[in-house]
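Student: File upload-v3.pdb below, PDB, C-alpha atoms and all ligand atoms:
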```
ATOM      1  CA  MET A  28     -80.102 -57.737  44.424  1.00  0.00           C
ATOM      2  CA  LYS A  29     -77.683 -57.354  41.507  1.00  0.00           C
ATOM      3  CA  THR A  30     -79.879 -54.800  39.773  1.00  0.00           C
ATOM      4  CA  ASP A  31     -80.330 -53.049  43.101  1.00  0.00           C
ATOM      5  CA  LEU A  32     -76.574 -52.736  43.487  1.00  0.00           C
ATOM      6  CA  LYS A  33     -76.197 -51.517  39.939  1.00  0.00           C
ATOM      7  CA  ALA A  34     -78.746 -48.783  40.630  1.00  0.00           C
ATOM      8  CA  LEU A  35     -76.908 -48.014  43.859  1.00  0.00           C
ATOM      9  CA  CYS A  36     -73.701 -47.475  41.883  1.00  0.00           C
ATOM     10  CA  GLY A  37     -75.598 -45.038  39.669  1.00  0.00           C
ATOM     11  CA  LEU A  38     -76.958 -43.298  42.737  1.00  0.00           C
ATOM     12  CA  GLN A  39     -73.491 -42.948  44.202  1.00  0.00           C
ATOM     13  CA  ARG A  40     -72.284 -41.460  40.927  1.00  0.00           C
ATOM     14  CA  ILE A  41     -75.059 -38.883  41.001  1.00  0.00           C
ATOM     15  CA  ASP A  42     -74.478 -38.184  44.688  1.00  0.00           C
ATOM     16  CA  THR A  43     -70.807 -37.542  44.045  1.00  0.00           C
ATOM     17  CA  GLU A  44     -71.759 -35.142  41.266  1.00  0.00           C
ATOM     18  CA  ILE A  45     -74.210 -33.458  43.634  1.00  0.00           C
ATOM     19  CA  ILE A  46     -71.514 -33.114  46.318  1.00  0.00           C
ATOM     20  CA  THR A  47     -69.115 -31.512  43.818  1.00  0.00           C
ATOM     21  CA  ARG A  48     -71.778 -29.052  42.689  1.00  0.00           C
ATOM     22  CA  GLU A  49     -72.896 -28.198  46.208  1.00  0.00           C
ATOM     23  CA  ALA A  50     -69.299 -27.470  47.143  1.00  0.00           C
ATOM     24  CA  ARG A  51     -68.920 -25.256  44.072  1.00  0.00           C
ATOM     25  CA  ILE A  52     -72.139 -23.388  44.912  1.00  0.00           C
ATOM     26  CA  LYS A  53     -70.728 -22.757  48.382  1.00  0.00           C
ATOM     27  CA  ASN A  54     -67.316 -21.686  47.086  1.00  0.00           C
ATOM     28  CA  ILE A  55     -68.181 -19.416  44.162  1.00  0.00           C
ATOM     29  CA  PRO A  56     -69.601 -16.591  46.319  1.00  0.00           C
ATOM     30  CA  LEU A  57     -66.470 -16.773  48.500  1.00  0.00           C
ATOM     31  CA  GLU A  58     -64.276 -16.511  45.410  1.00  0.00           C
ATOM     32  CA  ILE A  59     -66.288 -13.514  44.189  1.00  0.00           C
ATOM     33  CA  GLU A  60     -65.905 -11.889  47.595  1.00  0.00           C
ATOM     34  CA  LYS A  61     -62.159 -12.550  47.658  1.00  0.00           C
ATOM     35  CA  LEU A  62     -61.705 -10.952  44.228  1.00  0.00           C
ATOM     36  CA  GLY A  63     -63.538  -7.877  45.529  1.00  0.00           C
ATOM     37  CA  LYS A  64     -61.363  -7.717  48.645  1.00  0.00           C
ATOM     38  CA  ASP A  65     -58.155  -8.105  46.637  1.00  0.00           C
ATOM     39  CA  LEU A  66     -59.194  -5.283  44.357  1.00  0.00           C
ATOM     40  CA  LEU A  67     -60.041  -3.088  47.345  1.00  0.00           C
ATOM     41  CA  ALA A  68     -56.585  -3.704  48.837  1.00  0.00           C
ATOM     42  CA  LYS A  69     -54.976  -2.714  45.531  1.00  0.00           C
ATOM     43  CA  GLU A  70     -57.115   0.401  45.401  1.00  0.00           C
ATOM     44  CA  GLU A  71     -56.025   1.357  48.930  1.00  0.00           C
ATOM     45  CA  ASP A  72     -52.411   0.961  47.858  1.00  0.00           C
ATOM     46  CA  PHE A  73     -53.063   3.085  44.798  1.00  0.00           C
ATOM     47  CA  LYS A  74     -54.672   5.816  46.901  1.00  0.00           C
ATOM     48  CA  LYS A  75     -51.639   5.888  49.206  1.00  0.00           C
ATOM     49  CA  LYS A  76     -49.353   6.421  46.214  1.00  0.00           C
ATOM     50  CA  GLU A  77     -51.664   9.147  44.950  1.00  0.00           C
ATOM     51  CA  ALA A  78     -51.443  10.863  48.355  1.00  0.00           C
ATOM     52  CA  ASP A  79     -47.629  10.574  48.237  1.00  0.00           C
ATOM     53  CA  LEU A  80     -47.601  12.277  44.881  1.00  0.00           C
ATOM     54  CA  GLN A  81     -49.926  14.966  46.234  1.00  0.00           C
ATOM     55  CA  LYS A  82     -47.380  15.649  49.009  1.00  0.00           C
ATOM     56  CA  PHE A  83     -44.758  16.581  46.411  1.00  0.00           C
ATOM     57  CA  THR A  84     -47.154  18.991  44.715  1.00  0.00           C
ATOM     58  CA  THR A  85     -47.998  20.580  48.067  1.00  0.00           C
ATOM     59  CA  LYS A  86     -44.305  20.835  48.943  1.00  0.00           C
ATOM     60  CA  THR A  87     -43.500  22.553  45.630  1.00  0.00           C
ATOM     61  CA  ARG A  88     -46.333  25.009  46.187  1.00  0.00           C
ATOM     62  CA  GLN A  89     -45.121  25.772  49.711  1.00  0.00           C
ATOM     63  CA  LEU A  90     -41.586  26.384  48.445  1.00  0.00           C
ATOM     64  CA  GLU A  91     -42.882  28.691  45.729  1.00  0.00           C
ATOM     65  CA  GLN A  92     -44.803  30.620  48.368  1.00  0.00           C
ATOM     66  CA  SER A  93     -41.653  30.888  50.504  1.00  0.00           C
ATOM     67  CA  ILE A  94     -39.809  32.337  47.513  1.00  0.00           C
ATOM     68  CA  GLU A  95     -42.570  34.891  47.023  1.00  0.00           C
ATOM     69  CA  ASP A  96     -42.399  35.826  50.719  1.00  0.00           C
ATOM     70  CA  ALA A  97     -38.622  36.250  50.548  1.00  0.00           C
ATOM     71  CA  LYS A  98     -38.937  38.409  47.433  1.00  0.00           C
ATOM     72  CA  ASP A  99     -41.522  40.603  49.210  1.00  0.00           C
ATOM     73  CA  LYS A 100     -39.133  41.035  52.128  1.00  0.00           C
ATOM     74  CA  ILE A 101     -36.333  42.035  49.776  1.00  0.00           C
ATOM     75  CA  THR A 102     -38.597  44.646  48.142  1.00  0.00           C
ATOM     76  CA  LYS A 103     -39.480  45.975  51.601  1.00  0.00           C
ATOM     77  CA  TYR A 104     -35.820  46.110  52.662  1.00  0.00           C
ATOM     78  CA  LYS A 105     -34.862  47.866  49.449  1.00  0.00           C
ATOM     79  CA  SER A 106     -37.454  50.568  50.047  1.00  0.00           C
ATOM     80  CA  GLN A 107     -36.169  50.932  53.642  1.00  0.00           C
ATOM     81  CA  LEU A 108     -32.679  51.515  52.269  1.00  0.00           C
ATOM     82  CA  LEU A 109     -33.845  54.866  50.829  1.00  0.00           C
ATOM     83  CA  GLN A 110     -34.692  56.177  54.283  1.00  0.00           C
ATOM     84  CA  ILE A 111     -31.577  54.949  56.104  1.00  0.00           C
ATOM     85  CA  LYS A 112     -29.415  57.551  57.882  1.00  0.00           C
ATOM     86  CA  THR A 113     -26.426  55.631  59.260  1.00  0.00           C
ATOM     87  CA  ASN A 114     -23.966  53.331  57.573  1.00  0.00           C
ATOM     88  CA  LYS A 115     -24.485  50.715  60.310  1.00  0.00           C
ATOM     89  CA  GLU A 116     -28.200  50.502  59.593  1.00  0.00           C
ATOM     90  CA  TYR A 117     -27.436  50.379  55.869  1.00  0.00           C
ATOM     91  CA  GLN A 118     -25.064  47.445  56.335  1.00  0.00           C
ATOM     92  CA  ALA A 119     -27.602  45.642  58.556  1.00  0.00           C
ATOM     93  CA  ILE A 120     -30.319  45.851  55.923  1.00  0.00           C
ATOM     94  CA  LEU A 121     -27.958  44.758  53.158  1.00  0.00           C
ATOM     95  CA  GLN A 122     -27.200  41.734  55.328  1.00  0.00           C
ATOM     96  CA  GLU A 123     -30.924  40.978  55.626  1.00  0.00           C
ATOM     97  CA  ILE A 124     -31.314  41.219  51.859  1.00  0.00           C
ATOM     98  CA  SER A 125     -28.449  38.853  51.272  1.00  0.00           C
ATOM     99  CA  THR A 126     -29.902  36.377  53.800  1.00  0.00           C
ATOM    100  CA  GLU A 127     -33.230  36.394  51.941  1.00  0.00           C
ATOM    101  CA  GLN A 128     -31.481  35.939  48.596  1.00  0.00           C
ATOM    102  CA  ALA A 129     -29.612  32.944  49.982  1.00  0.00           C
ATOM    103  CA  LYS A 130     -32.932  31.517  51.166  1.00  0.00           C
ATOM    104  CA  ILE A 131     -34.387  31.973  47.674  1.00  0.00           C
ATOM    105  CA  SER A 132     -31.473  30.049  46.130  1.00  0.00           C
ATOM    106  CA  ALA A 133     -31.931  27.235  48.633  1.00  0.00           C
ATOM    107  CA  TYR A 134     -35.689  27.086  47.984  1.00  0.00           C
ATOM    108  CA  GLU A 135     -35.122  27.017  44.239  1.00  0.00           C
ATOM    109  CA  GLU A 136     -32.698  24.147  44.581  1.00  0.00           C
ATOM    110  CA  GLU A 137     -35.164  22.279  46.748  1.00  0.00           C
ATOM    111  CA  ILE A 138     -37.912  22.842  44.169  1.00  0.00           C
ATOM    112  CA  LEU A 139     -35.723  21.310  41.472  1.00  0.00           C
ATOM    113  CA  GLU A 140     -35.060  18.250  43.644  1.00  0.00           C
ATOM    114  CA  THR A 141     -38.740  17.916  44.499  1.00  0.00           C
ATOM    115  CA  LEU A 142     -39.751  18.198  40.856  1.00  0.00           C
ATOM    116  CA  ALA A 143     -37.235  15.532  39.852  1.00  0.00           C
ATOM    117  CA  GLN A 144     -38.590  13.176  42.522  1.00  0.00           C
ATOM    118  CA  SER A 145     -42.195  13.880  41.649  1.00  0.00           C
ATOM    119  CA  ASP A 146     -41.409  13.352  37.929  1.00  0.00           C
ATOM    120  CA  THR A 147     -40.172   9.829  38.649  1.00  0.00           C
ATOM    121  CA  LEU A 148     -43.152   9.165  40.860  1.00  0.00           C
ATOM    122  CA  THR A 149     -45.581  10.591  38.294  1.00  0.00           C
ATOM    123  CA  LYS A 150     -44.249   8.188  35.669  1.00  0.00           C
ATOM    124  CA  GLU A 151     -44.585   5.242  38.059  1.00  0.00           C
ATOM    125  CA  PHE A 152     -48.011   6.453  39.015  1.00  0.00           C
ATOM    126  CA  GLN A 153     -49.128   6.633  35.402  1.00  0.00           C
ATOM    127  CA  GLY A 154     -48.182   2.983  34.932  1.00  0.00           C
ATOM    128  CA  LEU A 155     -49.936   2.112  38.163  1.00  0.00           C
ATOM    129  CA  ARG A 156     -53.087   3.913  37.087  1.00  0.00           C
ATOM    130  CA  ASN A 157     -53.240   1.857  33.863  1.00  0.00           C
ATOM    131  CA  GLN A 158     -52.579  -1.292  35.853  1.00  0.00           C
ATOM    132  CA  MET A 159     -55.361  -0.337  38.246  1.00  0.00           C
ATOM    133  CA  GLU A 160     -57.810   0.131  35.370  1.00  0.00           C
ATOM    134  CA  ASN A 161     -56.884  -3.318  34.058  1.00  0.00           C
ATOM    135  CA  ASN A 162     -57.250  -4.823  37.528  1.00  0.00           C
ATOM    136  CA  LYS A 163     -60.750  -3.403  37.816  1.00  0.00           C
ATOM    137  CA  LYS A 164     -61.750  -4.747  34.395  1.00  0.00           C
ATOM    138  CA  ASP A 165     -60.230  -8.176  35.092  1.00  0.00           C
ATOM    139  CA  THR A 166     -61.948  -8.417  38.465  1.00  0.00           C
ATOM    140  CA  LEU A 167     -65.289  -7.499  36.971  1.00  0.00           C
ATOM    141  CA  ILE A 168     -64.919 -10.041  34.159  1.00  0.00           C
ATOM    142  CA  SER A 169     -63.865 -12.787  36.578  1.00  0.00           C
ATOM    143  CA  GLN A 170     -66.766 -12.000  38.889  1.00  0.00           C
ATOM    144  CA  GLN A 171     -69.212 -12.067  35.988  1.00  0.00           C
ATOM    145  CA  GLU A 172     -67.803 -15.397  34.818  1.00  0.00           C
ATOM    146  CA  LEU A 173     -68.121 -16.832  38.311  1.00  0.00           C
ATOM    147  CA  ASN A 174     -71.714 -15.635  38.534  1.00  0.00           C
ATOM    148  CA  LYS A 175     -72.460 -17.299  35.204  1.00  0.00           C
ATOM    149  CA  GLU A 176     -70.797 -20.494  36.402  1.00  0.00           C
ATOM    150  CA  LEU A 177     -72.882 -20.344  39.578  1.00  0.00           C
ATOM    151  CA  GLU A 178     -76.080 -20.229  37.541  1.00  0.00           C
ATOM    152  CA  VAL A 179     -74.935 -23.160  35.396  1.00  0.00           C
ATOM    153  CA  VAL A 180     -73.934 -25.247  38.426  1.00  0.00           C
ATOM    154  CA  LYS A 181     -77.255 -24.485  40.163  1.00  0.00           C
ATOM    155  CA  GLN A 182     -79.047 -25.605  37.015  1.00  0.00           C
ATOM    156  CA  GLU A 183     -76.973 -28.786  36.851  1.00  0.00           C
ATOM    157  CA  LEU A 184     -77.657 -29.465  40.515  1.00  0.00           C
ATOM    158  CA  SER A 185     -81.405 -29.295  40.056  1.00  0.00           C
ATOM    159  CA  VAL A 186     -81.119 -31.723  37.098  1.00  0.00           C
ATOM    160  CA  LYS A 187     -78.994 -34.094  39.206  1.00  0.00           C
ATOM    161  CA  ILE A 188     -81.500 -33.941  42.059  1.00  0.00           C
ATOM    162  CA  LYS A 189     -84.301 -34.883  39.657  1.00  0.00           C
ATOM    163  CA  GLU A 190     -82.204 -37.735  38.256  1.00  0.00           C
ATOM    164  CA  ARG A 191     -81.539 -38.888  41.796  1.00  0.00           C
ATOM    165  CA  ASP A 192     -85.233 -38.864  42.688  1.00  0.00           C
ATOM    166  CA  GLU A 193     -85.953 -40.982  39.607  1.00  0.00           C
ATOM    167  CA  LEU A 194     -83.189 -43.459  40.306  1.00  0.00           C
ATOM    168  CA  THR A 195     -84.127 -43.774  43.973  1.00  0.00           C
ATOM    169  CA  LYS A 196     -87.478 -45.247  42.912  1.00  0.00           C
ATOM    170  CA  SER A 197     -85.673 -48.262  41.425  1.00  0.00           C
ATOM    171  CA  ILE A 198     -83.806 -49.113  44.628  1.00  0.00           C
ATOM    172  CA  SER A 199     -85.383 -51.099  47.453  1.00  0.00           C
ATOM    173  CA  LYS A 200     -86.298 -48.882  50.380  1.00  0.00           C
ATOM    174  CA  SER A 201     -84.236 -50.831  52.913  1.00  0.00           C
ATOM    175  CA  LEU A 202     -81.077 -50.673  50.784  1.00  0.00           C
ATOM    176  CA  PHE A 203     -81.626 -46.993  50.115  1.00  0.00           C
ATOM    177  CA  ILE A 204     -81.985 -46.240  53.827  1.00  0.00           C
ATOM    178  CA  LYS A 205     -78.874 -48.299  54.561  1.00  0.00           C
ATOM    179  CA  TYR A 206     -76.896 -46.433  51.895  1.00  0.00           C
ATOM    180  CA  GLU A 207     -78.126 -43.048  53.113  1.00  0.00           C
ATOM    181  CA  HIS A 208     -77.125 -43.952  56.651  1.00  0.00           C
ATOM    182  CA  ILE A 209     -73.662 -45.227  55.665  1.00  0.00           C
ATOM    183  CA  LYS A 210     -72.710 -42.253  53.504  1.00  0.00           C
ATOM    184  CA  GLN A 211     -73.297 -39.926  56.454  1.00  0.00           C
ATOM    185  CA  GLY A 212     -69.961 -39.103  58.013  1.00  0.00           C
ATOM    186  CA  ARG A 213     -68.075 -40.816  55.169  1.00  0.00           C
ATOM    187  CA  HIS A 214     -67.748 -37.743  52.922  1.00  0.00           C
ATOM    188  CA  GLY A 215     -70.956 -38.745  51.173  1.00  0.00           C
ATOM    189  CA  ILE A 216     -69.498 -42.017  49.883  1.00  0.00           C
ATOM    190  CA  GLY A 217     -71.665 -44.994  50.874  1.00  0.00           C
ATOM    191  CA  ILE A 218     -70.278 -47.662  48.545  1.00  0.00           C
ATOM    192  CA  ALA A 219     -66.797 -49.015  47.922  1.00  0.00           C
ATOM    193  CA  GLU A 220     -65.541 -51.018  44.981  1.00  0.00           C
ATOM    194  CA  ILE A 221     -63.286 -54.004  45.444  1.00  0.00           C
ATOM    195  CA  SER A 222     -59.872 -53.647  43.876  1.00  0.00           C
ATOM    196  CA  GLY A 223     -57.832 -56.846  43.877  1.00  0.00           C
ATOM    197  CA  SER A 224     -58.242 -57.979  47.434  1.00  0.00           C
ATOM    198  CA  THR A 225     -58.764 -54.573  49.017  1.00  0.00           C
ATOM    199  CA  CYS A 226     -61.634 -52.187  49.662  1.00  0.00           C
ATOM    200  CA  LYS A 227     -61.162 -49.077  47.488  1.00  0.00           C
ATOM    201  CA  GLY A 228     -62.909 -47.018  50.168  1.00  0.00           C
ATOM    202  CA  CYS A 229     -60.341 -47.566  52.884  1.00  0.00           C
ATOM    203  CA  ASN A 230     -57.664 -49.857  51.376  1.00  0.00           C
ATOM    204  CA  ALA A 231     -58.380 -52.555  53.954  1.00  0.00           C
ATOM    205  CA  PHE A 232     -57.710 -56.167  53.054  1.00  0.00           C
ATOM    206  CA  LEU A 233     -60.829 -58.205  52.287  1.00  0.00           C
ATOM    207  CA  PRO A 234     -60.941 -61.969  52.912  1.00  0.00           C
ATOM    208  CA  PRO A 235     -61.459 -64.069  49.730  1.00  0.00           C
ATOM    209  CA  GLN A 236     -64.761 -65.509  50.998  1.00  0.00           C
ATOM    210  CA  ILE A 237     -66.181 -61.984  51.399  1.00  0.00           C
ATOM    211  CA  ILE A 238     -65.060 -61.102  47.875  1.00  0.00           C
ATOM    212  CA  ALA A 239     -66.682 -64.284  46.585  1.00  0.00           C
ATOM    213  CA  GLU A 240     -69.918 -63.391  48.367  1.00  0.00           C
ATOM    214  CA  VAL A 241     -69.891 -59.870  46.961  1.00  0.00           C
ATOM    215  CA  GLN A 242     -69.320 -61.318  43.492  1.00  0.00           C
ATOM    216  CA  LYS A 243     -72.361 -63.531  43.877  1.00  0.00           C
ATOM    217  CA  GLY A 244     -74.385 -60.413  44.612  1.00  0.00           C
ATOM    218  CA  GLU A 245     -77.099 -62.199  46.540  1.00  0.00           C
ATOM    219  CA  LYS A 246     -76.704 -60.248  49.700  1.00  0.00           C
ATOM    220  CA  ILE A 247     -75.427 -56.859  50.854  1.00  0.00           C
ATOM    221  CA  TRP A 248     -71.931 -56.957  52.313  1.00  0.00           C
ATOM    222  CA  VAL A 249     -70.225 -54.063  54.023  1.00  0.00           C
ATOM    223  CA  CYS A 250     -66.528 -53.480  54.570  1.00  0.00           C
ATOM    224  CA  ASP A 251     -65.572 -54.347  58.157  1.00  0.00           C
ATOM    225  CA  SER A 252     -63.136 -51.507  58.225  1.00  0.00           C
ATOM    226  CA  CYS A 253     -64.928 -48.497  56.692  1.00  0.00           C
ATOM    227  CA  GLY A 254     -68.508 -49.764  56.842  1.00  0.00           C
ATOM    228  CA  ARG A 255     -69.268 -49.025  53.183  1.00  0.00           C
ATOM    229  CA  ILE A 256     -71.385 -51.276  50.980  1.00  0.00           C
ATOM    230  CA  LEU A 257     -69.018 -53.421  48.934  1.00  0.00           C
ATOM    231  CA  ILE A 258     -69.456 -53.492  45.183  1.00  0.00           C
ATOM    232  CA  TRP A 259     -67.868 -55.889  42.710  1.00  0.00           C
ATOM    233  CA  HIS A 260     -66.469 -53.664  39.957  1.00  0.00           C
ATOM    234  CA  ASP A 261     -68.432 -55.438  37.217  1.00  0.00           C
ATOM    235  CA  GLU A 262     -71.517 -53.816  38.661  1.00  0.00           C
TER     236      GLU A 262
HETATM  237 ZN    ZN A 301     -63.501 -50.246  53.406  1.00  0.00          ZN
END
```
Mind turning the file's structure into structure tokens?
Ligand SMILES: [Zn+2]
Tutor:
Amino acid sequence: MKTDLKALCGLQRIDTEIITREARIKNIPLEIEKLGKDLLAKEEDFKKKEADLQKFTTKTRQLEQSIEDAKDKITKYKSQLLQIKTNKEYQAILQEISTEQAKISAYEEEILETLAQSDTLTKEFQGLRNQMENNKKDTLISQQELNKELEVVKQELSVKIKERDELTKSISKSLFIKYEHIKQGRHGIGIAEISGSTCKGCNAFLPPQIIAEVQKGEKIWVCDSCGRILIWHDE
């Protein structure tokens, strides 16, 4: 029985290692996916800023066009001036010209403001573009590393499974079945060491006679509280 329990401890160790690796195999793809999603969100943000910057360029172009239009009107009015007969008409056209000139001044001022704003934004954007490039590189590297880790962990898992199969052969069938049954629903942990006078699996108090029996190692004892197979730590 003692050798059986010793092998069982080894089996539990391997099983715990298997559980850790299985969890990692499940989690790595999720981590890779999350990195991709995070990058996508950053890219969306970047595109919004790019569109904002584009708005300033469009606005400047529109203002420049308005200036051109106003200048055309002034040229037209000036040519009309040559054909004017009355002073009243003359004054009216001069008024129109002055209105258009005022518009031009206002547009020019607005262009200057827009350019100043877009200059600031362009500088910020430049920094953001570099940051974005770095983000992409970092994400790719992290994803590659995770993929490599996944391969390694898969490899390790298959080794552990082989080790487990080997070790299982040295454990009596009835004990193995019992262990397999117990570890179900107990986070894959079928055995519990005794620490002082408590079960390490659930911290329940263990009567001295039970501890003495476990120490003898002639029979399988389970914890009354958590149902795990009790192991004396020497094993
Ligand atoms: Zn217990």
Student: Output as CSV one row per residue of segment 63-105 of chain A within 10 Å of segment 159-174 of chain A: the closest atom pair and its distance in Å to one decimal place, counting all atoms listed in the file, sorted by chain and residue number ascending.
Tutor:
```
residue,atom,partner,partner_atom,distance
A:Gly63,CA,A:Thr166,CA,7.3
A:Asp65,CA,A:Thr166,CA,9.0
A:Leu66,CA,A:Lys163,CA,7.0
A:Leu67,CA,A:Lys163,CA,9.6
A:Lys69,CA,A:Met159,CA,7.7
A:Glu70,CA,A:Met159,CA,7.4
A:Phe73,CA,A:Met159,CA,7.7
```
Student: Enter the distance from atom CA of Leu108 of chain A to atom CA of Ile120 of chain A, in Å, rounded to one decimal.
Tutor: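 We find that atom CA of Leu108 of chain A and atom CA of Ile120 of chain A lie 7.1 Å from each other.
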Student: Could you produce a table of the residues of chain A lying within 9 Å of ligand ZN 301 (chain A), with the nearest pair of atoms per residue and their separation in Å rounded to one decimal, using only C-alpha atoms and all ligand atoms, ordered by chain and increasing residue number, as a tab-separated table?
Tutor:
```
residue	atom	partner	partner_atom	distance
A:Ile218	CA	A:ZN301	ZN	8.7
A:Ala219	CA	A:ZN301	ZN	6.5
A:Glu220	CA	A:ZN301	ZN	8.7
A:Ile221	CA	A:ZN301	ZN	8.8
A:Thr225	CA	A:ZN301	ZN	7.8
A:Cys226	CA	A:ZN301	ZN	4.6
A:Lys227	CA	A:ZN301	ZN	6.5
A:Gly228	CA	A:ZN301	ZN	4.6
A:Cys229	CA	A:ZN301	ZN	4.2
A:Asn230	CA	A:ZN301	ZN	6.2
A:Ala231	CA	A:ZN301	ZN	5.6
A:Phe232	CA	A:ZN301	ZN	8.3
A:Leu233	CA	A:ZN301	ZN	8.5
A:Val249	CA	A:ZN301	ZN	7.8
A:Cys250	CA	A:ZN301	ZN	4.6
A:Asp251	CA	A:ZN301	ZN	6.6
A:Ser252	CA	A:ZN301	ZN	5.0
A:Cys253	CA	A:ZN301	ZN	4.0
A:Gly254	CA	A:ZN301	ZN	6.1
A:Arg255	CA	A:ZN301	ZN	5.9
A:Ile256	CA	A:ZN301	ZN	8.3
A:Leu257	CA	A:ZN301	ZN	7.8
```
Student: For atom CA of Glu176 of chain A and atom CA of Ile46 of chain A, quote the distance in Å rounded to one decimal.
Tutor: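 Separating atom CA of Glu176 of chain A from atom CA of Ile46 of chain A is a distance of 16.1 Å.
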Student: Just checking: using all atoms listed in the file, which residue out of A:Thr147, A:Thr141, A:Ser106, A:Thr47 ends up closest to Thr84 of chain A?
Tutor: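 Comparing A:Thr147, A:Thr141, A:Ser106, A:Thr47 against Thr84 of chain A, the winner is A:Thr141.
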Student: Extract segment 193-211 of chain A from the coordinates I pasted, and write it as a JSON list (two decimals), in the first residue's frame (atoms kept: N, CA and C atoms).
Tutor:
```
[["chain", "number", "residue", "atom", "x", "y", "z"],
["A", 193, "GLU", "N", 2.54, 5.86, -17.91],
["A", 193, "GLU", "CA", 3.55, 4.95, -17.35],
["A", 193, "GLU", "C", 3.31, 4.72, -15.86],
["A", 194, "LEU", "N", 3.14, 5.84, -15.16],
["A", 194, "LEU", "CA", 2.99, 5.78, -13.71],
["A", 194, "LEU", "C", 1.71, 5.03, -13.29],
["A", 195, "THR", "N", 0.67, 5.23, -14.08],
["A", 195, "THR", "CA", -0.61, 4.59, -13.78],
["A", 195, "THR", "C", -0.47, 3.06, -13.69],
["A", 196, "LYS", "N", 0.43, 2.53, -14.51],
["A", 196, "LYS", "CA", 0.65, 1.07, -14.53],
["A", 196, "LYS", "C", 1.10, 0.54, -13.17],
["A", 197, "SER", "N", 1.80, 1.42, -12.39],
["A", 197, "SER", "CA", 2.34, 0.96, -11.11],
["A", 197, "SER", "C", 1.36, 1.15, -9.95],
["A", 198, "ILE", "N", 0.16, 1.59, -10.25],
["A", 198, "ILE", "CA", -0.83, 1.80, -9.18],
["A", 198, "ILE", "C", -1.95, 0.76, -9.33],
["A", 199, "SER", "N", -2.38, 0.21, -8.19],
["A", 199, "SER", "CA", -3.44, -0.81, -8.28],
["A", 199, "SER", "C", -4.69, -0.19, -8.91],
["A", 200, "LYS", "N", -5.38, -1.00, -9.70],
["A", 200, "LYS", "CA", -6.52, -0.51, -10.47],
["A", 200, "LYS", "C", -7.59, 0.10, -9.56],
["A", 201, "SER", "N", -7.85, -0.58, -8.43],
["A", 201, "SER", "CA", -8.93, -0.08, -7.56],
["A", 201, "SER", "C", -8.58, 1.29, -6.97],
["A", 202, "LEU", "N", -7.31, 1.46, -6.57],
["A", 202, "LEU", "CA", -6.90, 2.75, -6.01],
["A", 202, "LEU", "C", -6.95, 3.84, -7.09],
["A", 203, "PHE", "N", -6.52, 3.45, -8.28],
["A", 203, "PHE", "CA", -6.53, 4.42, -9.38],
["A", 203, "PHE", "C", -7.95, 4.90, -9.68],
["A", 204, "ILE", "N", -8.88, 3.94, -9.73],
["A", 204, "ILE", "CA", -10.28, 4.30, -10.00],
["A", 204, "ILE", "C", -10.83, 5.20, -8.89],
["A", 205, "LYS", "N", -10.47, 4.85, -7.66],
["A", 205, "LYS", "CA", -10.91, 5.65, -6.50],
["A", 205, "LYS", "C", -10.39, 7.09, -6.63],
["A", 206, "TYR", "N", -9.11, 7.19, -6.91],
["A", 206, "TYR", "CA", -8.46, 8.51, -7.06],
["A", 206, "TYR", "C", -9.12, 9.32, -8.19],
["A", 207, "GLU", "N", -9.31, 8.66, -9.32],
["A", 207, "GLU", "CA", -9.93, 9.32, -10.47],
["A", 207, "GLU", "C", -11.31, 9.85, -10.11],
["A", 208, "HIS", "N", -12.04, 9.04, -9.37],
["A", 208, "HIS", "CA", -13.40, 9.40, -8.97],
["A", 208, "HIS", "C", -13.38, 10.59, -8.01],
["A", 209, "ILE", "N", -12.46, 10.53, -7.03],
["A", 209, "ILE", "CA", -12.40, 11.60, -6.01],
["A", 209, "ILE", "C", -11.99, 12.94, -6.62],
["A", 210, "LYS", "N", -11.02, 12.91, -7.51],
["A", 210, "LYS", "CA", -10.52, 14.20, -8.03],
["A", 210, "LYS", "C", -11.55, 14.95, -8.90],
["A", 211, "GLN", "N", -12.55, 14.19, -9.37],
["A", 211, "GLN", "CA", -13.63, 14.83, -10.12],
["A", 211, "GLN", "C", -14.37, 15.79, -9.19]]
```
